[in-house]
Amino acid sequence: MLQRDPARSVKVPWALEIKAVSVVEPARLVRTLTGAILGCGGWVLSRGATDTGVVNLLFEFERQSCIDIYSVLVAAGIELSQHGHIRFTELCHCTRNHHSDCGSEIASIDLEVQTFSGDAITRSVPSLRG
């Protein structure tokens with residue numbers, strides 16, 4: 001399990017904890033997200049999945065890549081929480097508006113994704129039933 005370091009948020013001003021959900025199988029999601037983050041120039045510091053379907057990733061990237069990272073997270077099949085979307089949008093806007101000052105600064109994301117099987121989603125949402 002990931003160990004959170006409270007002092008880390010002082011060292012990295014954009015240290016975000018984001019929750020999300022997905023219907024992608026956990027092992028596949030870990031592989032997809034890892035490849036996507038690395039492809040954008042990010043660094044995956046830790047990753048894993050639990051028996052209950054929770055995927056945890058701790059990763060960092062230069063702020064100039066924030067729009068690319070945001071895009072690959074969504075493209076990988078995860079649905080960020082409302083708070084996650086808001087915080088990521090703030091990061092992207094702030095970086096765009098102050099690109100020359102902060103583009104090479106590091107942002108850190110502690111991502112927790114609860115995965116569900118497609119059948120579980122269909123059973124729980126009446127409008128998705130045949």
# chains A, B, ... in the order shown; residues from 1 in each chain; ligands from 1
call {"tool": "residues_around", "arguments": {"residues": "A:Arg87", "least_positions_apart": "4", "cutoff": "9 Å", "atoms": "only C-alpha atoms", "output": "number ranges by chain"}}
result
A: 16, 18, 82-83, 91-92
call {"tool": "write_last_selection", "arguments": {"atoms": "all heavy atoms", "output": "compact mmCIF listing (two decimals), in the first residue's frame"}}
result
# COMPACT_ATOMS: atom_id res chain seq x y z
N LEU A 16 -1.34 16.51 -5.77
CA LEU A 16 -2.78 16.28 -5.77
C LEU A 16 -3.11 14.84 -5.40
O LEU A 16 -2.43 13.91 -5.84
CB LEU A 16 -3.37 16.57 -7.15
CG LEU A 16 -3.03 17.92 -7.79
CD1 LEU A 16 -3.65 18.00 -9.17
CD2 LEU A 16 -3.52 19.05 -6.92
N ILE A 18 -6.13 12.38 -6.06
CA ILE A 18 -7.30 12.31 -6.93
C ILE A 18 -7.91 10.92 -6.87
O ILE A 18 -7.20 9.92 -6.90
CB ILE A 18 -6.91 12.67 -8.38
CG1 ILE A 18 -6.43 14.12 -8.43
CG2 ILE A 18 -8.05 12.42 -9.34
CD1 ILE A 18 -6.00 14.58 -9.79
N GLN A 82 -15.37 14.76 -9.39
CA GLN A 82 -15.56 16.17 -9.69
C GLN A 82 -14.40 16.98 -9.13
O GLN A 82 -13.86 17.86 -9.81
CB GLN A 82 -16.88 16.67 -9.11
CG GLN A 82 -17.13 18.14 -9.41
CD GLN A 82 -18.45 18.65 -8.83
OE1 GLN A 82 -19.12 17.95 -8.08
NE2 GLN A 82 -18.81 19.86 -9.17
N HIS A 83 -14.00 16.67 -7.91
CA HIS A 83 -12.87 17.37 -7.29
C HIS A 83 -11.59 17.16 -8.12
O HIS A 83 -10.81 18.09 -8.32
CB HIS A 83 -12.66 16.86 -5.86
CG HIS A 83 -11.48 17.45 -5.18
ND1 HIS A 83 -11.45 18.74 -4.71
CD2 HIS A 83 -10.25 16.92 -4.90
CE1 HIS A 83 -10.27 18.98 -4.17
NE2 HIS A 83 -9.52 17.89 -4.27
N LEU A 91 -4.71 23.20 -12.27
CA LEU A 91 -3.30 22.99 -12.59
C LEU A 91 -3.00 23.39 -14.03
O LEU A 91 -2.03 24.11 -14.30
CB LEU A 91 -2.91 21.53 -12.34
CG LEU A 91 -1.51 21.11 -12.80
CD1 LEU A 91 -0.43 21.89 -12.07
CD2 LEU A 91 -1.33 19.60 -12.60
N CYS A 92 -3.84 22.94 -14.96
CA CYS A 92 -3.61 23.25 -16.38
C CYS A 92 -3.72 24.74 -16.66
O CYS A 92 -2.89 25.31 -17.38
CB CYS A 92 -4.57 22.45 -17.25
SG CYS A 92 -4.26 20.67 -17.23
call {"tool": "residues_around", "arguments": {"residues": "A:Thr32", "least_positions_apart": "2", "cutoff": "12 Å", "atoms": "only C-alpha atoms", "output": "list in words"}}
result
Val24, Glu25, Pro26, Ala27, Arg28, Leu29, Val30, Thr34, Gly35, Ala36, Ile37, Leu38, Gly39, Arg47, Val55, Leu57, Val72, Leu73, Val74, Ala75, Ala76, Gly77 and Ile78 of chain A
call {"tool": "write_last_selection", "arguments": {"atoms": "all heavy atoms", "output": "compact mmCIF listing (two decimals), in the first residue's frame"}}
result
# COMPACT_ATOMS: atom_id res chain seq x y z
N VAL A 24 -12.42 -0.65 -16.40
CA VAL A 24 -11.30 -1.39 -16.99
C VAL A 24 -10.74 -2.34 -15.93
O VAL A 24 -10.61 -1.98 -14.75
CB VAL A 24 -10.21 -0.41 -17.48
CG1 VAL A 24 -9.01 -1.16 -18.04
CG2 VAL A 24 -10.78 0.55 -18.53
N GLU A 25 -10.38 -3.53 -16.35
CA GLU A 25 -9.80 -4.55 -15.45
C GLU A 25 -8.54 -3.98 -14.80
O GLU A 25 -7.73 -3.33 -15.46
CB GLU A 25 -9.50 -5.80 -16.28
CG GLU A 25 -9.11 -7.01 -15.48
CD GLU A 25 -7.61 -7.11 -15.32
OE1 GLU A 25 -6.88 -6.73 -16.26
OE2 GLU A 25 -7.18 -7.55 -14.25
N PRO A 26 -8.37 -4.15 -13.47
CA PRO A 26 -7.28 -3.49 -12.74
C PRO A 26 -5.87 -3.68 -13.30
O PRO A 26 -5.13 -2.71 -13.46
CB PRO A 26 -7.39 -4.07 -11.33
CG PRO A 26 -8.82 -4.47 -11.19
CD PRO A 26 -9.24 -4.91 -12.56
N ALA A 27 -5.48 -4.91 -13.61
CA ALA A 27 -4.12 -5.15 -14.12
C ALA A 27 -3.91 -4.44 -15.46
O ALA A 27 -2.85 -3.85 -15.70
CB ALA A 27 -3.86 -6.64 -14.27
N ARG A 28 -4.93 -4.49 -16.29
CA ARG A 28 -4.83 -3.80 -17.59
C ARG A 28 -4.76 -2.29 -17.38
O ARG A 28 -4.01 -1.59 -18.07
CB ARG A 28 -6.03 -4.17 -18.45
CG ARG A 28 -5.99 -3.52 -19.80
CD ARG A 28 -7.11 -3.98 -20.68
NE ARG A 28 -7.03 -3.29 -21.96
CZ ARG A 28 -7.87 -3.44 -22.93
NH1 ARG A 28 -8.87 -4.29 -22.80
NH2 ARG A 28 -7.73 -2.77 -24.04
N LEU A 29 -5.53 -1.76 -16.45
CA LEU A 29 -5.53 -0.33 -16.17
C LEU A 29 -4.16 0.13 -15.68
O LEU A 29 -3.66 1.17 -16.11
CB LEU A 29 -6.62 0.02 -15.15
CG LEU A 29 -6.83 1.50 -14.87
CD1 LEU A 29 -7.23 2.26 -16.13
CD2 LEU A 29 -7.89 1.68 -13.79
N VAL A 30 -3.54 -0.65 -14.79
CA VAL A 30 -2.20 -0.31 -14.30
C VAL A 30 -1.22 -0.23 -15.48
O VAL A 30 -0.44 0.73 -15.59
CB VAL A 30 -1.72 -1.31 -13.24
CG1 VAL A 30 -0.24 -1.12 -12.93
CG2 VAL A 30 -2.54 -1.18 -11.96
N THR A 34 0.39 3.30 -16.75
CA THR A 34 1.85 3.39 -16.65
C THR A 34 2.46 3.77 -18.00
O THR A 34 3.27 4.70 -18.08
CB THR A 34 2.44 2.06 -16.14
OG1 THR A 34 1.92 1.79 -14.85
CG2 THR A 34 3.96 2.12 -16.07
N GLY A 35 2.07 3.07 -19.05
CA GLY A 35 2.58 3.37 -20.38
C GLY A 35 2.22 4.77 -20.84
O GLY A 35 3.05 5.48 -21.43
N ALA A 36 1.00 5.20 -20.57
CA ALA A 36 0.56 6.53 -20.99
C ALA A 36 1.33 7.63 -20.26
O ALA A 36 1.75 8.61 -20.87
CB ALA A 36 -0.94 6.67 -20.73
N ILE A 37 1.52 7.46 -18.96
CA ILE A 37 2.24 8.47 -18.17
C ILE A 37 3.71 8.54 -18.62
O ILE A 37 4.25 9.63 -18.83
CB ILE A 37 2.13 8.16 -16.67
CG1 ILE A 37 0.67 8.38 -16.22
CG2 ILE A 37 3.10 9.01 -15.85
CD1 ILE A 37 0.33 7.74 -14.89
N LEU A 38 4.33 7.38 -18.79
CA LEU A 38 5.72 7.35 -19.28
C LEU A 38 5.82 7.97 -20.67
O LEU A 38 6.77 8.69 -20.97
CB LEU A 38 6.26 5.92 -19.28
CG LEU A 38 6.42 5.26 -17.91
CD1 LEU A 38 6.84 3.80 -18.08
CD2 LEU A 38 7.41 6.02 -17.04
N GLY A 39 4.83 7.71 -21.52
CA GLY A 39 4.81 8.26 -22.86
C GLY A 39 4.71 9.78 -22.90
O GLY A 39 5.13 10.41 -23.87
N ARG A 47 3.05 1.84 -8.11
CA ARG A 47 1.80 1.42 -8.76
C ARG A 47 1.40 0.08 -8.20
O ARG A 47 2.23 -0.68 -7.70
CB ARG A 47 1.97 1.33 -10.27
CG ARG A 47 3.00 0.29 -10.65
CD ARG A 47 3.33 0.32 -12.11
NE ARG A 47 4.35 -0.69 -12.38
CZ ARG A 47 4.59 -1.19 -13.54
NH1 ARG A 47 3.89 -0.80 -14.59
NH2 ARG A 47 5.52 -2.09 -13.71
N VAL A 55 -6.94 0.48 -7.74
CA VAL A 55 -5.66 0.73 -8.40
C VAL A 55 -5.08 2.00 -7.81
O VAL A 55 -5.77 3.02 -7.70
CB VAL A 55 -5.85 0.90 -9.93
CG1 VAL A 55 -4.59 1.39 -10.60
CG2 VAL A 55 -6.32 -0.41 -10.54
N LEU A 57 -1.76 4.65 -8.08
CA LEU A 57 -0.57 5.10 -8.80
C LEU A 57 -0.10 6.41 -8.18
O LEU A 57 -0.91 7.30 -7.91
CB LEU A 57 -0.87 5.37 -10.28
CG LEU A 57 -0.75 4.21 -11.22
CD1 LEU A 57 -2.10 3.58 -11.41
CD2 LEU A 57 -0.19 4.67 -12.53
N VAL A 72 -4.50 11.69 -21.25
CA VAL A 72 -4.28 10.25 -21.27
C VAL A 72 -5.00 9.55 -20.12
O VAL A 72 -5.40 8.39 -20.26
CB VAL A 72 -2.79 9.84 -21.30
CG1 VAL A 72 -2.12 10.37 -22.57
CG2 VAL A 72 -2.04 10.25 -20.08
N LEU A 73 -5.18 10.24 -19.00
CA LEU A 73 -5.94 9.64 -17.89
C LEU A 73 -7.37 9.37 -18.34
O LEU A 73 -7.91 8.28 -18.13
CB LEU A 73 -5.93 10.54 -16.66
CG LEU A 73 -4.59 10.72 -15.95
CD1 LEU A 73 -4.75 11.68 -14.77
CD2 LEU A 73 -4.01 9.41 -15.50
N VAL A 74 -7.98 10.36 -18.97
CA VAL A 74 -9.36 10.20 -19.44
C VAL A 74 -9.42 9.17 -20.57
O VAL A 74 -10.29 8.30 -20.59
CB VAL A 74 -9.93 11.56 -19.88
CG1 VAL A 74 -11.30 11.40 -20.52
CG2 VAL A 74 -10.02 12.52 -18.69
N ALA A 75 -8.45 9.23 -21.49
CA ALA A 75 -8.44 8.29 -22.61
C ALA A 75 -8.21 6.84 -22.16
O ALA A 75 -8.64 5.91 -22.84
CB ALA A 75 -7.35 8.70 -23.61
N ALA A 76 -7.57 6.66 -21.01
CA ALA A 76 -7.31 5.31 -20.50
C ALA A 76 -8.56 4.66 -19.93
O ALA A 76 -8.55 3.47 -19.60
CB ALA A 76 -6.21 5.35 -19.43
N GLY A 77 -9.64 5.41 -19.81
CA GLY A 77 -10.90 4.82 -19.36
C GLY A 77 -11.23 5.06 -17.91
O GLY A 77 -11.99 4.30 -17.32
N ILE A 78 -10.67 6.12 -17.31
CA ILE A 78 -11.04 6.43 -15.93
C ILE A 78 -11.93 7.67 -15.91
O ILE A 78 -11.82 8.54 -16.76
CB ILE A 78 -9.83 6.59 -15.00
CG1 ILE A 78 -9.01 7.83 -15.34
CG2 ILE A 78 -8.98 5.36 -14.99
CD1 ILE A 78 -7.96 8.15 -14.29
call {"tool": "residues_around", "arguments": {"residues": "A:Cys40", "least_positions_apart": "5", "cutoff": "12 Å", "atoms": "only C-alpha atoms", "output": "list of chain:residue names"}}
result
A:Leu33, A:Thr34, A:Gly35, A:Phe59, A:Glu60, A:Phe61, A:Glu62, A:Arg63, A:Gln64, A:Ser65, A:Cys66, A:Ile67, A:Asp68, A:Ile69, A:Tyr70, A:Ser71, A:Val72, A:Leu73
call {"tool": "write_last_selection", "arguments": {"atoms": "C-alpha atoms", "output": "compact mmCIF listing (two decimals), in the first residue's frame"}}
result
# COMPACT_ATOMS: atom_id res chain seq x y z
CA LEU A 33 -1.83 4.18 -17.21
CA THR A 34 1.85 3.39 -16.65
CA GLY A 35 2.58 3.37 -20.38
CA PHE A 59 3.41 9.64 -10.40
CA GLU A 60 5.09 12.93 -11.22
CA PHE A 61 5.53 15.02 -14.35
CA GLU A 62 6.74 18.42 -15.47
CA ARG A 63 3.87 20.86 -15.35
CA GLN A 64 4.30 21.71 -19.04
CA SER A 65 2.90 18.19 -19.72
CA CYS A 66 -0.25 18.61 -17.60
CA ILE A 67 -2.71 18.75 -20.51
CA ASP A 68 -1.17 15.62 -22.04
CA ILE A 69 -1.34 13.78 -18.70
CA TYR A 70 -4.94 14.90 -18.12
CA SER A 71 -5.89 13.68 -21.59
CA VAL A 72 -4.28 10.25 -21.27
CA LEU A 73 -5.94 9.64 -17.89
call {"tool": "closest_residue", "arguments": {"among": "A:Arg31, A:His85, A:His93, A:His98", "to": "A:Lys19", "atoms": "only C-alpha atoms"}}
result
A:His85
call {"tool": "select_by_dssp", "arguments": {"residues": "stretch 59-109 of chain A", "states": "alpha helix (DSSP H)", "output": "JSON, numbers by chain"}}
result
{"A": [66, 67, 68, 69, 70, 71, 72, 73, 74, 75, 82, 83, 84, 85, 86, 87, 88, 89, 90, 91, 92, 93, 94, 95, 96, 97, 99, 100, 101, 102]}
